[in-house]
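Each remark here refers to the structure printed beneath this line.
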Amino acid sequence: MKKLLLVLAMMPFFFSCSSKKKMAELQSRLTELQTSSDQAVSRAKSDLADCQSLTASLQGEIKKRDADLESRTAALKSIQEQLDYMKKTNTNLLDRLSDLSVINKSGAESIRKSLDALNEQGKYIKDLNSSIQKKDSVNLSLVMNLKRSLADINDEDVTVEVKKGVVYISISDKLMFASGSANVNSKAETVLAKVAKVVNDHKELDILVEGHTDAVPISTPEFKDNWDLSAKRATSVVRLLQSKFGVDPERMTAGGRGEFVPQSGNNSRAGRKQNRRTEIIVTPKLDQFFNLMAPPTSGN
C-alpha cells in the first residue's frame, strides 16, 4: 500500500518533466523556423534590390536612346522639308521655262535628272535613318542582355555602355590578369563566358578587343613595353573567346593601345587603376557599315 501511494505521489513529477521537454523541443523548432524565415526574407530583399537597380539602369538607357531617336527624327524632318522645298522650286522653274519656250530639250532633261537625284537623296536619307534606328535597337538589346547576364559581377570590375554608336564592355585589369601578366585568370573566364554567350547570339556584329595599360613603364624578358603588354593581353582574350567559348575568329580583332587612350589621369593610384583595363567593343561589320554610309550613285 505504501508503494502504491509513493507511485501516485511521483506521477505529477514525471508528467511535469515530460511537458517541459516537449515545450523545449517546440521552442527550439520555433526558433529554427524563425531563423529560416528571416534568412529567406533577407535573400528576397537582396534580390529585389538587385532587380530594382538593374531596372533603373535599363530605364535610363532607354530614356537616353529615346532622346537620341527624337533628335534624329527632328533632323530628318528638317532635311525632308528642305528637299520638298527644293523639289517644288525646281518643278515650278521647269514649268515656267517650258511655258516660255526658253529652255531646250537638253536643259529640261538636266533639270529632270536633278529632280531624280533629289528624290534618290531623300530616299537614301530615309533608308539611312531607318538603318540607324535598327542599329540603335540592336545596341539597346545587346546592352540589356549583357547587363542582365553580368548582373552578379561587381560594377567596379565590369561596365557596359554605348559610346559613339557601339557597345563597349570594359573589364578591369585586376579581374582579368595578374600584375605584369598576359594570362587570363579563372575569374575573368567566367565573365568572358557570359559575354561570349551574348555576342554569339548577334553574329551580324564584329568584336574588337583592346588592351589598355597605365603609364608606368614595363620592361621584362616577356614584354618589351606597354605596347607589347597591352597587345598580348588583347590576343589572349581573343584566343580564349575562340578556343573555349566558340566565338568565330573571323569576327574578332585584337589590338594593343598601351597607355595612350587613358580614361583618367595617371598621376594617382585610382587613375592608374581605371586606365588598366580590357575593352571588348561590339561593332557593325565593316562592309555593312561602309554600305550603310555610301551615298546613292547618280544617274549620269
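Following the order of the C-alpha cells, first chain is A, next is B, and so on, with residues numbered from 1 inside each chain and ligands from 1 in the order they appear.
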### Message
Residues of stretch 60-253 of chain A classed as alpha helix (DSSP H) by DSSP on the backbone are to be reported as a ChimeraX atom specification.
### Response
/A:60-100,105-149,173-176,186-199,226-243
Counting only C-alpha atoms, which residues of stretch 149-257 of chain A fall within 12 Å of stretch 53-56 of chain A, and what is the closest atom pair for each with its distance in Å at one decimal, ordered by chain and rising number, as CSV?
residue,atom,partner,partner_atom,distance
A:Ser149,CA,A:Leu54,CA,10.9
A:Leu150,CA,A:Leu54,CA,10.4
A:Ala151,CA,A:Leu54,CA,7.5
A:Asp152,CA,A:Leu54,CA,10.6
A:Asp155,CA,A:Leu54,CA,11.2
### Message
I'd like the contact shell of A:Met144 - 9 Å cut-off, only C-alpha atoms, skipping same-chain residues fewer than 5 positions apart - returned as a PyMOL selection string.
### Response
chain A and resi 58+61+139+149
Export of the given selection (C-alpha atoms) as a compact mmCIF listing (two decimals), in the first residue's frame:
# COMPACT_ATOMS: atom_id res chain seq x y z
CA LEU A 58 17.88 49.87 -68.18
CA GLU A 61 19.45 53.61 -71.13
CA ASN A 139 22.66 48.03 -79.41
CA SER A 149 23.97 38.36 -67.83
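Separating atom CA of A:Lys203 from atom CA of A:Phe245 is a distance of 13.9 Å.
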